[in-house]
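Shown here: entry-v1.cif, mmCIF, C-alpha atoms and all ligand atoms.
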data_upload
#
loop_
_atom_site.group_PDB
_atom_site.id
_atom_site.type_symbol
_atom_site.label_atom_id
_atom_site.label_comp_id
_atom_site.auth_asym_id
_atom_site.auth_seq_id
_atom_site.Cartn_x
_atom_site.Cartn_y
_atom_site.Cartn_z
ATOM 1 C CA MET V 1 59.061 96.511 119.678
ATOM 2 C CA TYR V 2 60.739 98.981 121.939
ATOM 3 C CA VAL V 3 64.286 100.147 121.208
ATOM 4 C CA GLU V 4 66.417 101.760 123.851
ATOM 5 C CA THR V 5 68.681 104.548 122.785
ATOM 6 C CA SER V 6 72.326 104.141 123.630
ATOM 7 C CA THR V 7 75.042 106.667 124.127
ATOM 8 C CA MET V 8 78.036 106.552 121.824
ATOM 9 C CA THR V 9 81.499 107.432 123.013
ATOM 10 C CA SER V 10 82.884 110.575 121.476
ATOM 11 C CA GLU V 11 86.450 109.332 121.276
ATOM 12 C CA ARG V 12 86.616 106.870 118.443
ATOM 13 C CA VAL V 13 89.334 104.763 116.936
ATOM 14 C CA ARG V 14 88.761 102.758 113.779
ATOM 15 C CA ARG V 15 89.232 99.039 114.262
ATOM 16 C CA ARG V 16 92.071 97.733 112.215
ATOM 17 C CA ARG V 17 91.620 95.137 109.496
ATOM 18 C CA ARG V 18 93.772 92.043 109.888
ATOM 19 C CA VAL V 19 95.958 90.902 107.029
ATOM 20 C CA LEU V 20 97.739 87.553 107.081
ATOM 21 C CA VAL V 21 101.049 87.662 105.212
ATOM 22 C CA VAL V 22 102.455 84.274 104.202
ATOM 23 C CA GLU V 23 106.084 84.684 103.174
ATOM 24 C CA ASP V 24 109.126 82.566 104.065
ATOM 25 C CA GLU V 25 111.698 85.303 103.483
ATOM 26 C CA PRO V 26 111.850 87.297 106.740
ATOM 27 C CA ASP V 27 113.133 90.529 105.132
ATOM 28 C CA ILE V 28 110.280 90.646 102.634
ATOM 29 C CA ALA V 29 107.716 89.675 105.272
ATOM 30 C CA GLU V 30 108.896 92.472 107.580
ATOM 31 C CA LEU V 31 108.924 94.999 104.742
ATOM 32 C CA ILE V 32 105.316 94.137 103.877
ATOM 33 C CA LYS V 33 104.302 94.337 107.537
ATOM 34 C CA ARG V 34 105.912 97.742 108.019
ATOM 35 C CA THR V 35 104.376 99.144 104.844
ATOM 36 C CA LEU V 36 100.865 97.873 105.507
ATOM 37 C CA GLU V 37 100.841 98.940 109.152
ATOM 38 C CA ARG V 38 102.094 102.445 108.405
ATOM 39 C CA GLY V 39 98.597 103.740 107.627
ATOM 40 C CA GLY V 40 97.313 102.627 111.038
ATOM 41 C CA ASP V 41 94.243 100.911 109.536
ATOM 42 C CA LEU V 42 95.786 97.471 108.996
ATOM 43 C CA GLN V 43 97.238 94.941 111.391
ATOM 44 C CA VAL V 44 99.569 92.300 109.960
ATOM 45 C CA ASP V 45 100.119 88.731 111.180
ATOM 46 C CA LEU V 46 103.028 86.834 109.663
ATOM 47 C CA ALA V 47 103.270 83.148 108.770
ATOM 48 C CA MET V 48 106.541 81.727 107.462
ATOM 49 C CA THR V 49 105.145 78.457 106.093
ATOM 50 C CA GLY V 50 101.993 77.256 104.419
ATOM 51 C CA GLU V 51 101.239 75.011 107.403
ATOM 52 C CA ALA V 52 101.523 77.972 109.787
ATOM 53 C CA ALA V 53 99.241 80.021 107.533
ATOM 54 C CA LEU V 54 96.540 77.340 107.585
ATOM 55 C CA ASP V 55 96.790 77.173 111.388
ATOM 56 C CA LYS V 56 96.533 80.938 111.763
ATOM 57 C CA ALA V 57 93.524 81.108 109.475
ATOM 58 C CA THR V 58 91.698 78.770 111.846
ATOM 59 C CA GLU V 59 92.624 80.878 114.897
ATOM 60 C CA PHE V 60 91.148 84.035 113.396
ATOM 61 C CA LEU V 61 89.546 85.044 110.125
ATOM 62 C CA PRO V 62 91.878 87.400 108.270
ATOM 63 C CA ASP V 63 90.238 90.203 106.290
ATOM 64 C CA ALA V 64 92.765 89.586 103.504
ATOM 65 C CA ILE V 65 95.679 87.234 102.818
ATOM 66 C CA ILE V 66 98.918 87.952 100.985
ATOM 67 C CA LEU V 67 100.326 84.635 99.859
ATOM 68 C CA ASP V 68 103.766 83.954 98.439
ATOM 69 C CA LEU V 69 103.472 81.098 95.953
ATOM 70 C CA ASN V 70 107.036 79.917 96.369
ATOM 71 C CA LEU V 71 107.042 78.421 99.864
ATOM 72 C CA PRO V 72 108.972 75.399 101.174
ATOM 73 C CA ARG V 73 107.025 72.094 101.457
ATOM 74 C CA LEU V 74 103.380 73.095 101.196
ATOM 75 C CA ASP V 75 103.463 75.658 98.389
ATOM 76 C CA GLY V 76 101.253 78.694 97.953
ATOM 77 C CA LEU V 77 99.011 77.102 95.342
ATOM 78 C CA GLU V 78 98.170 74.271 97.708
ATOM 79 C CA VAL V 79 97.606 76.707 100.584
ATOM 80 C CA CYS V 80 95.273 78.759 98.382
ATOM 81 C CA ARG V 81 93.357 75.666 97.316
ATOM 82 C CA ILE V 82 92.893 74.545 100.942
ATOM 83 C CA LEU V 83 91.839 78.022 102.121
ATOM 84 C CA ARG V 84 89.232 78.175 99.378
ATOM 85 C CA SER V 85 87.904 74.721 100.214
ATOM 86 C CA ARG V 86 87.188 75.803 103.799
ATOM 87 C CA GLU V 87 83.825 77.425 104.318
ATOM 88 C CA THR V 88 85.267 80.120 106.591
ATOM 89 C CA SER V 89 87.934 81.368 104.180
ATOM 90 C CA ALA V 90 86.119 80.629 100.916
ATOM 91 C CA THR V 91 85.698 84.322 100.102
ATOM 92 C CA VAL V 92 88.596 86.027 101.910
ATOM 93 C CA PRO V 93 90.565 88.122 99.392
ATOM 94 C CA ILE V 94 93.848 86.393 98.527
ATOM 95 C CA ILE V 95 96.625 88.287 96.777
ATOM 96 C CA MET V 96 99.452 86.118 95.445
ATOM 97 C CA LEU V 97 103.096 87.074 95.259
ATOM 98 C CA THR V 98 104.705 85.459 92.241
ATOM 99 C CA ALA V 99 107.999 85.500 90.368
ATOM 100 C CA ARG V 100 108.086 87.437 87.092
ATOM 101 C CA THR V 101 108.991 84.294 85.158
ATOM 102 C CA SER V 102 106.127 82.124 86.321
ATOM 103 C CA GLU V 103 103.132 83.065 84.223
ATOM 104 C CA ALA V 104 101.839 79.489 84.340
ATOM 105 C CA GLU V 105 101.948 79.622 88.141
ATOM 106 C CA ARG V 106 99.966 82.874 88.186
ATOM 107 C CA ILE V 107 97.295 81.351 85.997
ATOM 108 C CA ARG V 108 97.111 78.291 88.236
ATOM 109 C CA GLY V 109 96.873 80.602 91.244
ATOM 110 C CA LEU V 110 93.912 82.432 89.768
ATOM 111 C CA ASP V 111 92.396 79.057 88.852
ATOM 112 C CA VAL V 112 92.531 77.874 92.473
ATOM 113 C CA GLY V 113 90.811 81.024 93.640
ATOM 114 C CA ALA V 114 93.299 83.851 94.230
ATOM 115 C CA ASP V 115 91.780 87.293 93.600
ATOM 116 C CA ASP V 116 94.802 89.187 92.456
ATOM 117 C CA TYR V 117 98.569 88.886 92.089
ATOM 118 C CA VAL V 118 101.632 91.064 92.475
ATOM 119 C CA ILE V 119 104.911 90.235 90.733
ATOM 120 C CA LYS V 120 108.194 90.133 92.663
ATOM 121 C CA PRO V 121 110.154 92.330 93.064
ATOM 122 C CA PHE V 122 107.206 94.544 93.912
ATOM 123 C CA SER V 123 106.597 98.021 95.208
ATOM 124 C CA PRO V 124 105.369 97.686 98.803
ATOM 125 C CA ARG V 125 103.130 100.703 98.312
ATOM 126 C CA GLU V 126 101.512 99.135 95.285
ATOM 127 C CA LEU V 127 100.918 95.970 97.274
ATOM 128 C CA ALA V 128 99.320 98.042 100.048
ATOM 129 C CA ALA V 129 97.070 99.732 97.485
ATOM 130 C CA ARG V 130 95.996 96.338 96.122
ATOM 131 C CA VAL V 131 95.160 95.116 99.627
ATOM 132 C CA ARG V 132 93.044 98.197 100.351
ATOM 133 C CA ALA V 133 91.279 97.828 97.001
ATOM 134 C CA ALA V 134 90.465 94.186 97.837
ATOM 135 C CA LEU V 135 89.097 95.227 101.251
ATOM 136 C CA ARG V 136 86.925 97.892 99.605
ATOM 137 C CA ARG V 137 85.479 95.294 97.221
ATOM 138 C CA VAL V 138 84.551 93.093 100.190
ATOM 139 C CA LYS V 139 82.896 96.004 101.919
ATOM 140 C CA ALA V 140 80.885 96.883 98.814
ATOM 141 C CA ALA V 141 79.795 93.245 98.443
ATOM 142 C CA GLU V 142 78.696 93.180 102.091
ATOM 143 C CA ALA V 143 76.700 96.353 101.584
ATOM 144 C CA ASP V 144 74.958 94.832 98.549
ATOM 145 C CA ARG V 145 74.031 91.753 100.491
ATOM 146 C CA GLY V 146 72.606 93.959 103.226
ATOM 147 C CA ASP V 147 69.559 95.055 101.272
ATOM 148 C CA ILE V 148 67.114 92.757 103.057
ATOM 149 C CA GLU V 149 64.245 94.664 104.709
ATOM 150 C CA VAL V 150 62.290 91.820 106.248
ATOM 151 C CA TYR V 151 63.553 88.442 107.367
ATOM 152 C CA LYS V 152 60.943 85.768 107.864
ATOM 153 C CA GLY V 153 62.064 82.457 109.331
ATOM 154 C CA ALA V 154 60.102 79.575 110.809
ATOM 155 C CA ARG V 155 59.723 81.404 114.154
ATOM 156 C CA LEU V 156 61.549 84.687 113.790
ATOM 157 C CA LEU V 157 60.180 87.712 111.982
ATOM 158 C CA ALA V 158 62.493 90.738 111.770
ATOM 159 C CA ASP V 159 61.307 93.873 110.016
ATOM 160 C CA PHE V 160 64.341 96.128 109.768
ATOM 161 C CA ASP V 161 62.454 99.063 108.301
ATOM 162 C CA ALA V 162 59.814 99.061 111.009
ATOM 163 C CA VAL V 163 62.398 98.128 113.679
ATOM 164 C CA ALA V 164 60.172 95.277 114.803
ATOM 165 C CA VAL V 165 61.171 91.785 115.850
ATOM 166 C CA SER V 166 58.875 88.966 116.893
ATOM 167 C CA VAL V 167 59.217 85.287 117.660
ATOM 168 C CA ASP V 168 56.228 82.957 117.303
ATOM 169 C CA GLY V 169 54.075 86.055 116.879
ATOM 170 C CA SER V 170 55.149 87.716 120.145
ATOM 171 C CA SER V 171 56.974 91.004 119.924
ATOM 172 C CA ILE V 172 60.504 91.066 121.392
ATOM 173 C CA ARG V 173 62.141 94.024 123.135
ATOM 174 C CA LEU V 174 65.711 94.556 121.986
ATOM 175 C CA THR V 175 68.229 97.266 122.733
ATOM 176 C CA ARG V 176 69.466 99.272 119.778
ATOM 177 C CA ARG V 177 72.733 97.331 119.885
ATOM 178 C CA GLU V 178 71.030 93.952 119.961
ATOM 179 C CA PHE V 179 68.862 95.015 117.053
ATOM 180 C CA GLU V 180 71.896 96.094 115.005
ATOM 181 C CA LEU V 181 73.695 92.885 115.910
ATOM 182 C CA LEU V 182 70.732 90.808 114.734
ATOM 183 C CA ARG V 183 70.473 92.860 111.557
ATOM 184 C CA PHE V 184 74.150 92.350 110.684
ATOM 185 C CA LEU V 185 74.016 88.623 111.474
ATOM 186 C CA ILE V 186 70.945 88.207 109.262
ATOM 187 C CA GLN V 187 72.396 90.321 106.465
ATOM 188 C CA ASN V 188 75.331 87.921 106.471
ATOM 189 C CA ARG V 189 73.322 84.793 107.214
ATOM 190 C CA ASN V 190 75.028 81.431 106.794
ATOM 191 C CA ARG V 191 78.444 83.089 106.914
ATOM 192 C CA VAL V 192 80.821 82.979 109.859
ATOM 193 C CA LEU V 193 81.471 86.442 111.292
ATOM 194 C CA SER V 194 84.463 86.986 113.531
ATOM 195 C CA ARG V 195 84.111 88.930 116.781
ATOM 196 C CA ASP V 196 86.380 91.593 115.300
ATOM 197 C CA ARG V 197 84.129 92.053 112.299
ATOM 198 C CA LEU V 198 81.028 92.224 114.471
ATOM 199 C CA LEU V 199 82.714 94.841 116.648
ATOM 200 C CA GLU V 200 83.702 96.874 113.662
ATOM 201 C CA ARG V 201 80.342 96.730 111.906
ATOM 202 C CA VAL V 202 77.944 96.794 114.853
ATOM 203 C CA TRP V 203 79.822 98.863 117.407
ATOM 204 C CA GLY V 204 81.516 101.092 114.856
ATOM 205 C CA TYR V 205 84.551 102.847 116.125
ATOM 206 C CA GLU V 206 84.419 102.591 119.881
ATOM 207 C CA HIS V 207 87.860 102.269 121.331
ATOM 208 C CA SER V 208 87.347 100.634 124.686
ATOM 209 C CA ILE V 209 85.135 97.717 123.821
ATOM 210 C CA GLU V 210 86.544 94.217 124.129
ATOM 211 C CA THR V 211 85.783 91.238 121.927
ATOM 212 C CA ARG V 212 84.367 89.472 125.008
ATOM 213 C CA SER V 213 81.497 91.934 125.118
ATOM 214 C CA VAL V 214 80.367 90.581 121.745
ATOM 215 C CA ASP V 215 79.847 87.232 123.488
ATOM 216 C CA VAL V 216 77.821 88.913 126.224
ATOM 217 C CA HIS V 217 75.566 90.669 123.711
ATOM 218 C CA ILE V 218 75.147 87.513 121.650
ATOM 219 C CA GLY V 219 74.159 85.636 124.817
ATOM 220 C CA ARG V 220 71.494 88.216 125.665
ATOM 221 C CA LEU V 221 70.194 88.372 122.116
ATOM 222 C CA ARG V 222 69.942 84.582 121.977
ATOM 223 C CA SER V 223 68.012 84.384 125.195
ATOM 224 C CA LYS V 224 65.606 87.152 124.131
ATOM 225 C CA LEU V 225 64.987 85.326 120.847
ATOM 226 C CA GLY V 226 63.881 82.267 122.811
ATOM 227 C CA THR V 227 62.994 79.429 120.471
ATOM 228 C CA ALA V 228 64.673 81.226 117.544
ATOM 229 C CA GLY V 229 67.864 81.823 119.561
ATOM 230 C CA ASP V 230 69.555 78.685 118.285
ATOM 231 C CA GLN V 231 69.667 80.237 114.813
ATOM 232 C CA ILE V 232 72.709 82.110 116.129
ATOM 233 C CA GLU V 233 75.429 79.481 116.171
ATOM 234 C CA THR V 234 78.755 79.724 117.933
ATOM 235 C CA VAL V 235 81.614 78.693 115.640
ATOM 236 C CA VAL V 236 84.309 77.693 118.088
ATOM 237 C CA GLY V 237 87.453 79.757 117.812
ATOM 238 C CA LEU V 238 86.077 81.897 114.984
ATOM 239 C CA GLY V 239 82.882 83.731 115.824
ATOM 240 C CA TYR V 240 79.188 83.474 115.095
ATOM 241 C CA ARG V 241 76.871 82.522 112.287
ATOM 242 C CA PHE V 242 73.164 83.105 111.756
ATOM 243 C CA VAL V 243 71.761 79.956 110.159
ATOM 244 C CA GLU V 244 68.515 79.818 108.230
HETATM 245 CA CA CA V 301 109.301 82.541 98.972
#

Is it possible to express this structure as C-alpha cells?
Ligand code: CA
Amino acid sequence: MYVETSTMTSERVRRRRRVLVVEDEPDIAELIKRTLERGGDLQVDLAMTGEAALDKATEFLPDAIILDLNLPRLDGLEVCRILRSRETSATVPIIMLTARTSEAERIRGLDVGADDYVIKPFSPRELAARVRAALRRVKAAEADRGDIEVYKGARLLADFDAVAVSVDGSSIRLTRREFELLRFLIQNRNRVLSRDRLLERVWGYEHSIETRSVDVHIGRLRSKLGTAGDQIETVVGLGYRFVE
C-alpha cells in the first residue's frame, strides 16, 4: 500500500470535550458551566430536565455527563438508567450530584451505572477535577483497546504495523488520513464514534477543519474499501461505527 504524506497546520487548537450538565437550578447550572469552561478545554451544554437531557444525548454524544439526581418529573436515577440502556451512551462517564442526606440515593445511582458522585453543596473546582479525571480514564481505556496490530475481517485485511490494507486480496491505496481514520474506527469497532471525537483523535488539533470534512473522508474511505466499505456504518445524527 502507498501512503501519501500530508502537511499539518502549524497553528493548532485543541478540540474541546463536550460535557452535558443536567441541573434544574439555573444558578447552579451556570456556575458549573462557568467553572468547567474556564480552562478552555471543555464545552458545556445545559439541560434543565431529564427529558431534555435524553434528547440532547441523542443529538450529540457527550464526553461526560453531570447529572443532578433531584430533578422534577423524570428524576436523575431514571435518566441514568435510560442513558446506560442505550448503546451509544452505555459507557459515557456520568457524575451524579446528590444531597448530603441521601446515601441510599447515591448507592442506587451507582447501581444504575453512575461512575462517580459529588455531594451538594460542592466545590465547583472539585467537580471540574472529577470531570477531568473521568475523561482521562476514558482516554486510557481507549488507548488500551487500541493495541490491535492486524485486523482480519471477511474481506478486509488491515496491518497497522506494516501500514498495509487489502480487500479481497487486492492492496488498497489510502492517504495517511484515511489510514488513520480506518485505524481509529477499527480500534473502536462496534462503538459509535461522533464526528467530534473522530476529528479530535484522527485530525489532532487542527483548528480550521469542519465536522463535515469527516463525512467527506469517510465517503472516500468507504468507496476505496469497495466490498468492505459497508463495514463503516453511518449512525444517523451521531456519527460512525465500524462493524465486524
Ligand atoms: Ca435539582

Here CA of Ala162 in chain V and CA of Val150 in chain V stand apart by 9.0 Å

With the file shown as input, list the residues that the PyMOL selection byres (((not hetatm)) within 10 of (chain V and resi 301)) selects, as a VMD selection string. chain V and resid 22 to 26 28 to 29 48 to 49 67 to 72 75 to 76 97 to 99 120

For the provided coordinates, the residues matched by the PyMOL selection byres (((chain V and resi 32) around 9) and not hetatm) should be stated as a ChimeraX atom specification. /V:21,27-31,33-37,44,124-125,127-128

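Against this structure, the PyMOL selection byres (((chain V and resi 239-241) around 10) and not hetatm) ends up with Phe60, Leu61, Leu185, Ile186, Asn188, Arg189, Asn190, Arg191, Val192, Leu193, Ser194, Arg195, Asp196, Arg197, Leu198, Val214, Asp215, Ile218, Gln231, Ile232, Glu233, Thr234, Val235, Val236, Gly237, Leu238, Phe242, Val243 and Glu244 of chain V.
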
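Using all atoms listed in the file, the smallest distance between any of V:Tyr117, V:Val19, V:Pro62, V:Leu54 and Leu42 in chain V comes from V:Val19.
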
Go ahead and compute the interatomic distance for CA of Ala140 in chain V and CA of Glu59 in chain V, in Å to one decimal. 25.5 Å

Between V:Arg86, V:Arg100, V:Ile95, V:Leu46, single out the one closest to Arg130 in chain V, counting all atoms listed in the file.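 Selected residue with least distance to Arg130 in chain V: V:Ile95.
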
Build an axis-aligned box that encloses every atom of range 71-76 of chain V listed in the file, pad it by 3 Å on each side, and report its centre and edge lengths in Å to one decimal, as JSON.
{"center_x": 105.1, "center_y": 75.4, "center_z": 99.7, "size_x": 13.7, "size_y": 12.6, "size_z": 9.5}

Just checking: using only C-alpha atoms, which residue out of V:Ser170, V:Val216, V:Arg183, V:Glu178 ends up closest to Ile148 in chain V? V:Arg183

Which one is closest to Glu200 in chain V: V:Thr227, V:Ser102, V:Leu77, V:Lys139? Count only C-alpha atoms.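 Comparing V:Thr227, V:Ser102, V:Leu77, V:Lys139 against Glu200 in chain V, the winner is V:Lys139.
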
Between CA of Leu156 in chain V and CA of Arg212 in chain V, what is the distance, to one decimal in Å? 25.9 Å

N, CA and C atoms of range 166-199 of chain V, written as an mmCIF file, in the first residue's frame:
data_model
loop_
_atom_site.group_PDB
_atom_site.id
_atom_site.type_symbol
_atom_site.label_atom_id
_atom_site.label_comp_id
_atom_site.auth_asym_id
_atom_site.auth_seq_id
_atom_site.Cartn_x
_atom_site.Cartn_y
_atom_site.Cartn_z
ATOM 1 N N SER V 166 -5.696 -4.359 2.528
ATOM 2 C CA SER V 166 -6.162 -5.004 1.302
ATOM 3 C C SER V 166 -7.592 -5.484 1.481
ATOM 4 N N VAL V 167 -8.292 -5.556 0.360
ATOM 5 C CA VAL V 167 -9.662 -6.050 0.354
ATOM 6 C C VAL V 167 -9.741 -7.157 -0.683
ATOM 7 N N ASP V 168 -10.246 -8.294 -0.296
ATOM 8 C CA ASP V 168 -10.304 -9.479 -1.170
ATOM 9 C C ASP V 168 -8.938 -9.756 -1.807
ATOM 10 N N GLY V 169 -7.888 -9.527 -1.039
ATOM 11 C CA GLY V 169 -6.541 -9.846 -1.513
ATOM 12 C C GLY V 169 -5.880 -8.765 -2.355
ATOM 13 N N SER V 170 -6.646 -7.713 -2.735
ATOM 14 C CA SER V 170 -6.026 -6.643 -3.526
ATOM 15 C C SER V 170 -5.635 -5.480 -2.624
ATOM 16 N N SER V 171 -4.423 -5.009 -2.810
ATOM 17 C CA SER V 171 -3.931 -3.919 -1.983
ATOM 18 C C SER V 171 -4.659 -2.608 -2.313
ATOM 19 N N ILE V 172 -4.923 -1.807 -1.273
ATOM 20 C CA ILE V 172 -5.686 -0.569 -1.418
ATOM 21 C C ILE V 172 -4.769 0.615 -1.123
ATOM 22 N N ARG V 173 -4.861 1.652 -1.928
ATOM 23 C CA ARG V 173 -4.072 2.865 -1.683
ATOM 24 C C ARG V 173 -4.888 3.845 -0.847
ATOM 25 N N LEU V 174 -4.369 4.175 0.316
ATOM 26 C CA LEU V 174 -5.064 5.129 1.186
ATOM 27 C C LEU V 174 -4.143 6.303 1.479
ATOM 28 N N THR V 175 -4.740 7.468 1.693
ATOM 29 C CA THR V 175 -3.929 8.587 2.186
ATOM 30 C C THR V 175 -3.610 8.317 3.660
ATOM 31 N N ARG V 176 -2.654 9.035 4.176
ATOM 32 C CA ARG V 176 -2.311 8.906 5.588
ATOM 33 C C ARG V 176 -3.548 9.124 6.463
ATOM 34 N N ARG V 177 -4.345 10.130 6.108
ATOM 35 C CA ARG V 177 -5.518 10.456 6.918
ATOM 36 C C ARG V 177 -6.555 9.336 6.864
ATOM 37 N N GLU V 178 -6.768 8.805 5.686
ATOM 38 C CA GLU V 178 -7.728 7.705 5.549
ATOM 39 C C GLU V 178 -7.257 6.481 6.336
ATOM 40 N N PHE V 179 -5.962 6.259 6.302
ATOM 41 C CA PHE V 179 -5.400 5.133 7.048
ATOM 42 C C PHE V 179 -5.627 5.312 8.556
ATOM 43 N N GLU V 180 -5.349 6.525 9.045
ATOM 44 C CA GLU V 180 -5.542 6.799 10.478
ATOM 45 C C GLU V 180 -7.016 6.712 10.868
ATOM 46 N N LEU V 181 -7.866 7.167 9.984
ATOM 47 C CA LEU V 181 -9.309 7.103 10.217
ATOM 48 C C LEU V 181 -9.748 5.640 10.336
ATOM 49 N N LEU V 182 -9.292 4.814 9.411
ATOM 50 C CA LEU V 182 -9.625 3.393 9.435
ATOM 51 C C LEU V 182 -9.084 2.745 10.714
ATOM 52 N N ARG V 183 -7.862 3.091 11.064
ATOM 53 C CA ARG V 183 -7.256 2.529 12.265
ATOM 54 C C ARG V 183 -8.090 2.864 13.509
ATOM 55 N N PHE V 184 -8.504 4.135 13.628
ATOM 56 C CA PHE V 184 -9.253 4.535 14.822
ATOM 57 C C PHE V 184 -10.646 3.883 14.845
ATOM 58 N N LEU V 185 -11.271 3.796 13.680
ATOM 59 C CA LEU V 185 -12.581 3.133 13.604
ATOM 60 C C LEU V 185 -12.453 1.666 14.024
ATOM 61 N N ILE V 186 -11.413 1.003 13.545
ATOM 62 C CA ILE V 186 -11.242 -0.422 13.860
ATOM 63 C C ILE V 186 -10.852 -0.615 15.325
ATOM 64 N N GLN V 187 -10.015 0.272 15.829
ATOM 65 C CA GLN V 187 -9.649 0.183 17.250
ATOM 66 C C GLN V 187 -10.890 0.283 18.137
ATOM 67 N N ASN V 188 -11.868 1.034 17.664
ATOM 68 C CA ASN V 188 -13.094 1.229 18.437
ATOM 69 C C ASN V 188 -14.279 0.530 17.784
ATOM 70 N N ARG V 189 -13.997 -0.614 17.150
ATOM 71 C CA ARG V 189 -15.038 -1.291 16.378
ATOM 72 C C ARG V 189 -16.255 -1.596 17.241
ATOM 73 N N ASN V 190 -17.399 -1.555 16.558
ATOM 74 C CA ASN V 190 -18.711 -1.799 17.175
ATOM 75 C C ASN V 190 -19.140 -0.714 18.162
ATOM 76 N N ARG V 191 -18.395 0.376 18.196
ATOM 77 C CA ARG V 191 -18.822 1.513 19.032
ATOM 78 C C ARG V 191 -19.119 2.686 18.106
ATOM 79 N N VAL V 192 -20.116 3.495 18.503
ATOM 80 C CA VAL V 192 -20.411 4.693 17.730
ATOM 81 C C VAL V 192 -19.402 5.776 18.089
ATOM 82 N N LEU V 193 -18.807 6.385 17.064
ATOM 83 C CA LEU V 193 -17.861 7.481 17.289
ATOM 84 C C LEU V 193 -18.448 8.749 16.694
ATOM 85 N N SER V 194 -18.512 9.793 17.491
ATOM 86 C CA SER V 194 -19.056 11.050 16.985
ATOM 87 C C SER V 194 -18.050 11.703 16.042
ATOM 88 N N ARG V 195 -18.542 12.600 15.192
ATOM 89 C CA ARG V 195 -17.642 13.335 14.293
ATOM 90 C C ARG V 195 -16.613 14.123 15.102
ATOM 91 N N ASP V 196 -17.052 14.685 16.219
ATOM 92 C CA ASP V 196 -16.121 15.457 17.054
ATOM 93 C C ASP V 196 -14.982 14.595 17.565
ATOM 94 N N ARG V 197 -15.320 13.373 17.984
ATOM 95 C CA ARG V 197 -14.274 12.501 18.512
ATOM 96 C C ARG V 197 -13.326 12.067 17.396
ATOM 97 N N LEU V 198 -13.877 11.788 16.235
ATOM 98 C CA LEU V 198 -13.019 11.419 15.103
ATOM 99 C C LEU V 198 -12.084 12.569 14.753
ATOM 100 N N LEU V 199 -12.627 13.785 14.755
ATOM 101 C CA LEU V 199 -11.789 14.954 14.451
ATOM 102 C C LEU V 199 -10.668 15.074 15.455
#
